[in-house]
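Enquirer: Got a file for you: upload.pdb, PDB, N, CA and C atoms and all ligand atoms.
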```
ATOM      1  N   MET A   1      25.613  23.783   9.135  1.00  0.00           N
ATOM      2  CA  MET A   1      24.747  24.811   8.517  1.00  0.00           C
ATOM      3  C   MET A   1      23.401  24.862   9.233  1.00  0.00           C
ATOM      4  N   VAL A   2      22.813  26.003   9.163  1.00  0.00           N
ATOM      5  CA  VAL A   2      21.535  26.253   9.822  1.00  0.00           C
ATOM      6  C   VAL A   2      20.615  26.909   8.795  1.00  0.00           C
ATOM      7  N   PRO A   3      19.321  26.596   8.829  1.00  0.00           N
ATOM      8  CA  PRO A   3      18.441  27.219   7.820  1.00  0.00           C
ATOM      9  C   PRO A   3      18.430  28.733   7.969  1.00  0.00           C
ATOM     10  N   ALA A   4      18.578  29.438   6.857  1.00  0.00           N
ATOM     11  CA  ALA A   4      18.656  30.897   6.888  1.00  0.00           C
ATOM     12  C   ALA A   4      17.333  31.536   7.258  1.00  0.00           C
ATOM     13  N   LYS A   5      16.254  30.965   6.740  1.00  0.00           N
ATOM     14  CA  LYS A   5      14.925  31.546   7.009  1.00  0.00           C
ATOM     15  C   LYS A   5      13.951  30.433   7.347  1.00  0.00           C
ATOM     16  N   ARG A   6      13.058  30.729   8.217  1.00  0.00           N
ATOM     17  CA  ARG A   6      11.992  29.768   8.519  1.00  0.00           C
ATOM     18  C   ARG A   6      11.028  29.752   7.336  1.00  0.00           C
ATOM     19  N   ASN A   7      10.617  28.511   6.920  1.00  0.00           N
ATOM     20  CA  ASN A   7       9.667  28.422   5.808  1.00  0.00           C
ATOM     21  C   ASN A   7       8.297  28.953   6.233  1.00  0.00           C
ATOM     22  N   SER A   8       7.602  29.566   5.297  1.00  0.00           N
ATOM     23  CA  SER A   8       6.245  30.035   5.568  1.00  0.00           C
ATOM     24  C   SER A   8       5.313  28.831   5.718  1.00  0.00           C
ATOM     25  N   LYS A   9       4.167  29.031   6.374  1.00  0.00           N
ATOM     26  CA  LYS A   9       3.169  27.960   6.512  1.00  0.00           C
ATOM     27  C   LYS A   9       2.784  27.445   5.142  1.00  0.00           C
ATOM     28  N   SER A  10       2.639  28.361   4.210  1.00  0.00           N
ATOM     29  CA  SER A  10       2.221  27.985   2.851  1.00  0.00           C
ATOM     30  C   SER A  10       3.245  27.071   2.205  1.00  0.00           C
ATOM     31  N   LYS A  11       4.536  27.354   2.413  1.00  0.00           N
ATOM     32  CA  LYS A  11       5.566  26.527   1.791  1.00  0.00           C
ATOM     33  C   LYS A  11       5.597  25.130   2.403  1.00  0.00           C
ATOM     34  N   SER A  12       5.505  25.032   3.764  1.00  0.00           N
ATOM     35  CA  SER A  12       5.495  23.710   4.386  1.00  0.00           C
ATOM     36  C   SER A  12       4.267  22.935   3.948  1.00  0.00           C
ATOM     37  N   ARG A  13       3.129  23.629   3.905  1.00  0.00           N
ATOM     38  CA  ARG A  13       1.887  22.931   3.550  1.00  0.00           C
ATOM     39  C   ARG A  13       1.916  22.470   2.099  1.00  0.00           C
ATOM     40  N   ARG A  14       2.520  23.269   1.225  1.00  0.00           N
ATOM     41  CA  ARG A  14       2.623  22.875  -0.183  1.00  0.00           C
ATOM     42  C   ARG A  14       3.469  21.601  -0.298  1.00  0.00           C
ATOM     43  N   ARG A  15       4.580  21.531   0.478  1.00  0.00           N
ATOM     44  CA  ARG A  15       5.435  20.353   0.435  1.00  0.00           C
ATOM     45  C   ARG A  15       4.675  19.143   0.978  1.00  0.00           C
ATOM     46  N   ARG A  16       3.975  19.312   2.125  1.00  0.00           N
ATOM     47  CA  ARG A  16       3.294  18.182   2.762  1.00  0.00           C
ATOM     48  C   ARG A  16       2.048  17.760   2.009  1.00  0.00           C
ATOM     49  N   ALA A  17       1.587  18.571   1.101  1.00  0.00           N
ATOM     50  CA  ALA A  17       0.410  18.209   0.301  1.00  0.00           C
ATOM     51  C   ALA A  17       0.702  16.967  -0.522  1.00  0.00           C
ATOM     52  N   ASN A  18       1.968  16.642  -0.778  1.00  0.00           N
ATOM     53  CA  ASN A  18       2.347  15.489  -1.597  1.00  0.00           C
ATOM     54  C   ASN A  18       2.727  14.281  -0.756  1.00  0.00           C
ATOM     55  N   GLN A  19       2.539  14.334   0.572  1.00  0.00           N
ATOM     56  CA  GLN A  19       3.006  13.242   1.432  1.00  0.00           C
ATOM     57  C   GLN A  19       1.912  12.283   1.876  1.00  0.00           C
ATOM     58  N   ALA A  20       0.728  12.383   1.294  1.00  0.00           N
ATOM     59  CA  ALA A  20      -0.354  11.478   1.703  1.00  0.00           C
ATOM     60  C   ALA A  20      -0.003  10.047   1.333  1.00  0.00           C
ATOM     61  N   LEU A  21      -0.514   9.078   2.123  1.00  0.00           N
ATOM     62  CA  LEU A  21      -0.272   7.669   1.824  1.00  0.00           C
ATOM     63  C   LEU A  21      -1.075   7.265   0.597  1.00  0.00           C
ATOM     64  N   GLU A  22      -0.511   6.375  -0.186  1.00  0.00           N
ATOM     65  CA  GLU A  22      -1.235   5.866  -1.351  1.00  0.00           C
ATOM     66  C   GLU A  22      -2.251   4.827  -0.912  1.00  0.00           C
ATOM     67  N   LYS A  23      -3.320   4.754  -1.645  1.00  0.00           N
ATOM     68  CA  LYS A  23      -4.354   3.773  -1.347  1.00  0.00           C
ATOM     69  C   LYS A  23      -3.801   2.373  -1.608  1.00  0.00           C
ATOM     70  N   LYS A  24      -4.099   1.448  -0.677  1.00  0.00           N
ATOM     71  CA  LYS A  24      -3.625   0.077  -0.823  1.00  0.00           C
ATOM     72  C   LYS A  24      -4.405  -0.634  -1.923  1.00  0.00           C
ATOM     73  N   HIS A  25      -3.713  -1.388  -2.731  1.00  0.00           N
ATOM     74  CA  HIS A  25      -4.389  -2.153  -3.775  1.00  0.00           C
ATOM     75  C   HIS A  25      -4.900  -3.463  -3.175  1.00  0.00           C
ATOM     76  N   ILE A  26      -6.148  -3.769  -3.401  1.00  0.00           N
ATOM     77  CA  ILE A  26      -6.711  -5.037  -2.927  1.00  0.00           C
ATOM     78  C   ILE A  26      -7.377  -5.735  -4.101  1.00  0.00           C
ATOM     79  N   LEU A  27      -6.987  -6.980  -4.326  1.00  0.00           N
ATOM     80  CA  LEU A  27      -7.576  -7.766  -5.411  1.00  0.00           C
ATOM     81  C   LEU A  27      -8.488  -8.832  -4.822  1.00  0.00           C
ATOM     82  N   VAL A  28      -9.306  -9.425  -5.689  1.00  0.00           N
ATOM     83  CA  VAL A  28     -10.189 -10.507  -5.261  1.00  0.00           C
ATOM     84  C   VAL A  28      -9.532 -11.819  -5.671  1.00  0.00           C
ATOM     85  N   CYS A  29      -9.432 -12.760  -4.722  1.00  0.00           N
ATOM     86  CA  CYS A  29      -8.839 -14.060  -5.008  1.00  0.00           C
ATOM     87  C   CYS A  29      -9.703 -14.825  -6.006  1.00  0.00           C
ATOM     88  N   GLN A  30      -9.073 -15.371  -7.039  1.00  0.00           N
ATOM     89  CA  GLN A  30      -9.820 -16.119  -8.052  1.00  0.00           C
ATOM     90  C   GLN A  30     -10.304 -17.453  -7.505  1.00  0.00           C
ATOM     91  N   ASP A  31      -9.682 -17.915  -6.452  1.00  0.00           N
ATOM     92  CA  ASP A  31      -9.983 -19.234  -5.901  1.00  0.00           C
ATOM     93  C   ASP A  31     -11.100 -19.193  -4.867  1.00  0.00           C
ATOM     94  N   CYS A  32     -10.983 -18.301  -3.878  1.00  0.00           N
ATOM     95  CA  CYS A  32     -11.979 -18.266  -2.802  1.00  0.00           C
ATOM     96  C   CYS A  32     -12.755 -16.951  -2.776  1.00  0.00           C
ATOM     97  N   ARG A  33     -12.447 -16.035  -3.688  1.00  0.00           N
ATOM     98  CA  ARG A  33     -13.131 -14.748  -3.812  1.00  0.00           C
ATOM     99  C   ARG A  33     -12.955 -13.843  -2.590  1.00  0.00           C
ATOM    100  N   GLY A  34     -11.974 -14.137  -1.780  1.00  0.00           N
ATOM    101  CA  GLY A  34     -11.689 -13.280  -0.639  1.00  0.00           C
ATOM    102  C   GLY A  34     -10.723 -12.184  -1.052  1.00  0.00           C
ATOM    103  N   PRO A  35     -10.477 -11.196  -0.176  1.00  0.00           N
ATOM    104  CA  PRO A  35      -9.532 -10.129  -0.502  1.00  0.00           C
ATOM    105  C   PRO A  35      -8.089 -10.612  -0.383  1.00  0.00           C
ATOM    106  N   ARG A  36      -7.232 -10.173  -1.290  1.00  0.00           N
ATOM    107  CA  ARG A  36      -5.814 -10.495  -1.203  1.00  0.00           C
ATOM    108  C   ARG A  36      -5.001  -9.343  -1.777  1.00  0.00           C
ATOM    109  N   LEU A  37      -3.714  -9.308  -1.436  1.00  0.00           N
ATOM    110  CA  LEU A  37      -2.838  -8.253  -1.927  1.00  0.00           C
ATOM    111  C   LEU A  37      -2.131  -8.733  -3.191  1.00  0.00           C
ATOM    112  N   PRO A  38      -1.785  -7.813  -4.102  1.00  0.00           N
ATOM    113  CA  PRO A  38      -1.064  -8.218  -5.308  1.00  0.00           C
ATOM    114  C   PRO A  38       0.330  -8.746  -4.973  1.00  0.00           C
ATOM    115  N   HIS A  39       0.799  -9.723  -5.707  1.00  0.00           N
ATOM    116  CA  HIS A  39       2.117 -10.349  -5.535  1.00  0.00           C
ATOM    117  C   HIS A  39       2.275 -11.059  -4.206  1.00  0.00           C
ATOM    118  N   LYS A  40       1.121 -11.425  -3.588  1.00  0.00           N
ATOM    119  CA  LYS A  40       1.160 -12.160  -2.316  1.00  0.00           C
ATOM    120  C   LYS A  40       0.190 -13.322  -2.427  1.00  0.00           C
ATOM    121  N   ALA A  41       0.520 -14.437  -1.752  1.00  0.00           N
ATOM    122  CA  ALA A  41      -0.400 -15.565  -1.715  1.00  0.00           C
ATOM    123  C   ALA A  41      -1.650 -15.140  -0.943  1.00  0.00           C
ATOM    124  N   CYS A  42      -2.795 -15.739  -1.330  1.00  0.00           N
ATOM    125  CA  CYS A  42      -4.051 -15.400  -0.663  1.00  0.00           C
ATOM    126  C   CYS A  42      -3.992 -15.787   0.812  1.00  0.00           C
ATOM    127  N   PRO A  43      -4.342 -14.885   1.752  1.00  0.00           N
ATOM    128  CA  PRO A  43      -4.267 -15.208   3.174  1.00  0.00           C
ATOM    129  C   PRO A  43      -5.285 -16.249   3.612  1.00  0.00           C
ATOM    130  N   GLN A  44      -6.396 -16.411   2.859  1.00  0.00           N
ATOM    131  CA  GLN A  44      -7.432 -17.372   3.253  1.00  0.00           C
ATOM    132  C   GLN A  44      -7.126 -18.775   2.741  1.00  0.00           C
ATOM    133  N   CYS A  45      -6.792 -18.901   1.437  1.00  0.00           N
ATOM    134  CA  CYS A  45      -6.637 -20.245   0.873  1.00  0.00           C
ATOM    135  C   CYS A  45      -5.190 -20.560   0.491  1.00  0.00           C
ATOM    136  N   GLY A  46      -4.277 -19.597   0.603  1.00  0.00           N
ATOM    137  CA  GLY A  46      -2.869 -19.863   0.339  1.00  0.00           C
ATOM    138  C   GLY A  46      -2.533 -20.107  -1.118  1.00  0.00           C
ATOM    139  N   VAL A  47      -3.421 -19.713  -2.036  1.00  0.00           N
ATOM    140  CA  VAL A  47      -3.181 -19.951  -3.456  1.00  0.00           C
ATOM    141  C   VAL A  47      -2.494 -18.736  -4.084  1.00  0.00           C
ATOM    142  N   TYR A  48      -1.461 -18.998  -4.853  1.00  0.00           N
ATOM    143  CA  TYR A  48      -0.840 -17.943  -5.649  1.00  0.00           C
ATOM    144  C   TYR A  48      -0.602 -18.467  -7.047  1.00  0.00           C
ATOM    145  N   ASN A  49      -1.044 -17.736  -8.047  1.00  0.00           N
ATOM    146  CA  ASN A  49      -0.880 -18.144  -9.451  1.00  0.00           C
ATOM    147  C   ASN A  49      -1.495 -19.528  -9.704  1.00  0.00           C
ATOM    148  N   LYS A  50      -2.719 -19.730  -9.163  1.00  0.00           N
ATOM    149  CA  LYS A  50      -3.515 -20.961  -9.318  1.00  0.00           C
ATOM    150  C   LYS A  50      -2.812 -22.190  -8.722  1.00  0.00           C
ATOM    151  N   ARG A  51      -1.962 -21.953  -7.731  1.00  0.00           N
ATOM    152  CA  ARG A  51      -1.174 -23.028  -7.151  1.00  0.00           C
ATOM    153  C   ARG A  51      -1.134 -22.787  -5.645  1.00  0.00           C
ATOM    154  N   THR A  52      -1.308 -23.839  -4.852  1.00  0.00           N
ATOM    155  CA  THR A  52      -1.233 -23.662  -3.402  1.00  0.00           C
ATOM    156  C   THR A  52       0.223 -23.573  -2.999  1.00  0.00           C
ATOM    157  N   VAL A  53       0.628 -22.424  -2.491  1.00  0.00           N
ATOM    158  CA  VAL A  53       2.036 -22.233  -2.125  1.00  0.00           C
ATOM    159  C   VAL A  53       2.236 -22.249  -0.615  1.00  0.00           C
ATOM    160  N   LYS A  54       1.141 -22.149   0.156  1.00  0.00           N
ATOM    161  CA  LYS A  54       1.288 -22.264   1.615  1.00  0.00           C
ATOM    162  C   LYS A  54       0.012 -22.859   2.178  1.00  0.00           C
ATOM    163  N   ALA A  55       0.084 -23.386   3.393  1.00  0.00           N
ATOM    164  CA  ALA A  55      -1.067 -24.061   3.999  1.00  0.00           C
ATOM    165  C   ALA A  55      -2.205 -23.071   4.197  1.00  0.00           C
ATOM    166  N   ALA A  56      -3.417 -23.513   3.882  1.00  0.00           N
ATOM    167  CA  ALA A  56      -4.595 -22.664   4.064  1.00  0.00           C
ATOM    168  C   ALA A  56      -4.902 -22.518   5.545  1.00  0.00           C
ATOM    169  N   LYS A  57      -5.492 -21.364   5.896  1.00  0.00           N
ATOM    170  CA  LYS A  57      -5.871 -21.102   7.283  1.00  0.00           C
ATOM    171  C   LYS A  57      -7.025 -22.023   7.665  1.00  0.00           C
ATOM    172  N   VAL A  58      -6.963 -22.596   8.857  1.00  0.00           N
ATOM    173  CA  VAL A  58      -8.003 -23.559   9.268  1.00  0.00           C
ATOM    174  C   VAL A  58      -9.279 -22.837   9.701  1.00  0.00           C
TER
HETATM  175 ZN    ZN B   1      -8.060 -17.389  -1.817  1.00  0.00          ZN
END
```
Output the file's structure as C-alpha cells, nothing else.

Expert:
Amino acid sequence: MVPAKRNSKSKSRRRRANQALEKKHILVCQDCRGPRLPHKACPQCGVYNKRTVKAAKV
C-alpha cells in the first residue's frame, strides 16, 4: 500500500507537537546531597535506600 494523499504541513506538525522529550527527573541524594536519578543508586556515594549498594566513586 502507498499513502493516498500527502499530509498537509499542519497535520504533520500537529502530530509532531506531541513528540517532545520529557524532562528528566533529578532528585537530591539524602546522603551526599548530590544529584541522582530515581530508582538508581547515587552516582557519587553509591547509596540506595539508605544502604550502600555499590562502591563510591573515589
Ligand atoms: Zn549520594

Enquirer: Under the rule of at most 7 Å, produce a per-residue listing of chain A near ligand ZN 1 (chain B): chain, number, name, the closest pair of atoms, and the distance in Å, as CSV, using only C-alpha atoms and all ligand atoms.

Expert:
```
residue,atom,partner,partner_atom,distance
A:Cys29,CA,B:ZN1,ZN,4.7
A:Gln30,CA,B:ZN1,ZN,6.6
A:Asp31,CA,B:ZN1,ZN,4.9
A:Cys32,CA,B:ZN1,ZN,4.1
A:Arg33,CA,B:ZN1,ZN,6.1
A:Gly34,CA,B:ZN1,ZN,5.6
A:Cys42,CA,B:ZN1,ZN,4.6
A:Pro43,CA,B:ZN1,ZN,6.6
A:Gln44,CA,B:ZN1,ZN,5.1
A:Cys45,CA,B:ZN1,ZN,4.2
A:Gly46,CA,B:ZN1,ZN,6.1
A:Val47,CA,B:ZN1,ZN,5.7
```

Enquirer: Generate the output file for the selected residues, N, CA and C atoms, as a PDB file, in the frame of the given file.

Expert:
```pdb
ATOM      1  N   CYS A  29      -9.432 -12.760  -4.722  1.00  0.00           N
ATOM      2  CA  CYS A  29      -8.839 -14.060  -5.008  1.00  0.00           C
ATOM      3  C   CYS A  29      -9.703 -14.825  -6.006  1.00  0.00           C
ATOM      4  N   GLN A  30      -9.073 -15.371  -7.039  1.00  0.00           N
ATOM      5  CA  GLN A  30      -9.820 -16.119  -8.052  1.00  0.00           C
ATOM      6  C   GLN A  30     -10.304 -17.453  -7.505  1.00  0.00           C
ATOM      7  N   ASP A  31      -9.682 -17.915  -6.452  1.00  0.00           N
ATOM      8  CA  ASP A  31      -9.983 -19.234  -5.901  1.00  0.00           C
ATOM      9  C   ASP A  31     -11.100 -19.193  -4.867  1.00  0.00           C
ATOM     10  N   CYS A  32     -10.983 -18.301  -3.878  1.00  0.00           N
ATOM     11  CA  CYS A  32     -11.979 -18.266  -2.802  1.00  0.00           C
ATOM     12  C   CYS A  32     -12.755 -16.951  -2.776  1.00  0.00           C
ATOM     13  N   ARG A  33     -12.447 -16.035  -3.688  1.00  0.00           N
ATOM     14  CA  ARG A  33     -13.131 -14.748  -3.812  1.00  0.00           C
ATOM     15  C   ARG A  33     -12.955 -13.843  -2.590  1.00  0.00           C
ATOM     16  N   GLY A  34     -11.974 -14.137  -1.780  1.00  0.00           N
ATOM     17  CA  GLY A  34     -11.689 -13.280  -0.639  1.00  0.00           C
ATOM     18  C   GLY A  34     -10.723 -12.184  -1.052  1.00  0.00           C
ATOM     19  N   CYS A  42      -2.795 -15.739  -1.330  1.00  0.00           N
ATOM     20  CA  CYS A  42      -4.051 -15.400  -0.663  1.00  0.00           C
ATOM     21  C   CYS A  42      -3.992 -15.787   0.812  1.00  0.00           C
ATOM     22  N   PRO A  43      -4.342 -14.885   1.752  1.00  0.00           N
ATOM     23  CA  PRO A  43      -4.267 -15.208   3.174  1.00  0.00           C
ATOM     24  C   PRO A  43      -5.285 -16.249   3.612  1.00  0.00           C
ATOM     25  N   GLN A  44      -6.396 -16.411   2.859  1.00  0.00           N
ATOM     26  CA  GLN A  44      -7.432 -17.372   3.253  1.00  0.00           C
ATOM     27  C   GLN A  44      -7.126 -18.775   2.741  1.00  0.00           C
ATOM     28  N   CYS A  45      -6.792 -18.901   1.437  1.00  0.00           N
ATOM     29  CA  CYS A  45      -6.637 -20.245   0.873  1.00  0.00           C
ATOM     30  C   CYS A  45      -5.190 -20.560   0.491  1.00  0.00           C
ATOM     31  N   GLY A  46      -4.277 -19.597   0.603  1.00  0.00           N
ATOM     32  CA  GLY A  46      -2.869 -19.863   0.339  1.00  0.00           C
ATOM     33  C   GLY A  46      -2.533 -20.107  -1.118  1.00  0.00           C
ATOM     34  N   VAL A  47      -3.421 -19.713  -2.036  1.00  0.00           N
ATOM     35  CA  VAL A  47      -3.181 -19.951  -3.456  1.00  0.00           C
ATOM     36  C   VAL A  47      -2.494 -18.736  -4.084  1.00  0.00           C
TER      37      VAL A  47
END
```

Enquirer: From the list A:Arg6, A:Lys23, A:Lys54, A:Met1, which residue is nearest Ala41 in chain A when using all atoms listed in the file?

Expert: A:Lys54

Enquirer: What is the distance, in Å and to one decimal place, between CA of Leu37 in chain A and CA of Asn49 in chain A?

Expert: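 Those two atoms sit 12.6 Å apart.
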
Enquirer: Which distance in Å separates CA of Glu22 in chain A and CA of Arg51 in chain A, to one decimal?

Expert: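 Here the two named atoms are 29.5 Å from each other.
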
Enquirer: Of the residues A:Ala55, A:Tyr48, A:Lys9, A:Pro38, which is the one nearest to Lys24 in chain A, using all atoms listed in the file?

Expert: A:Pro38

Enquirer: To one decimal in Å, tell me the separation between CA of Lys5 in chain A and CA of Leu21 in chain A.

Expert: 28.8 Å

Enquirer: Would you list, as a compact mmCIF listing (two decimals) with N, CA and C atoms, in the coordinates of the input, the residues of chain A that end up in alpha helix (DSSP H) under DSSP run on this structure's backbone?

Expert:
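Result written to result-v8.txt:
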```txt
# COMPACT_ATOMS: atom_id res chain seq x y z
N LYS A 9 4.17 29.03 6.37
CA LYS A 9 3.17 27.96 6.51
C LYS A 9 2.78 27.44 5.14
N SER A 10 2.64 28.36 4.21
CA SER A 10 2.22 27.98 2.85
C SER A 10 3.24 27.07 2.20
N LYS A 11 4.54 27.35 2.41
CA LYS A 11 5.57 26.53 1.79
C LYS A 11 5.60 25.13 2.40
N SER A 12 5.50 25.03 3.76
CA SER A 12 5.50 23.71 4.39
C SER A 12 4.27 22.94 3.95
N ARG A 13 3.13 23.63 3.90
CA ARG A 13 1.89 22.93 3.55
C ARG A 13 1.92 22.47 2.10
N ARG A 14 2.52 23.27 1.23
CA ARG A 14 2.62 22.88 -0.18
C ARG A 14 3.47 21.60 -0.30
N ARG A 15 4.58 21.53 0.48
CA ARG A 15 5.44 20.35 0.44
C ARG A 15 4.68 19.14 0.98
N ARG A 16 3.98 19.31 2.12
CA ARG A 16 3.29 18.18 2.76
C ARG A 16 2.05 17.76 2.01
```

Enquirer: Pull out every residue that the PyMOL selection byres (((chain A and resi 26 and name CA) around 6) and not hetatm and name CA) matches in the shown coordinates and put them as a list in words.

Expert: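 For this structure, the PyMOL selection byres (((chain A and resi 26 and name CA) around 6) and not hetatm and name CA) captures His25, Leu27, Arg36 and Leu37 of chain A.
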
Enquirer: With DSSP run on the backbone, what are the strand (DSSP E or B) residues within chain A? I'd like them as a ChimeraX atom specification.

Expert: /A:27-28,35-36,47-48,51-52
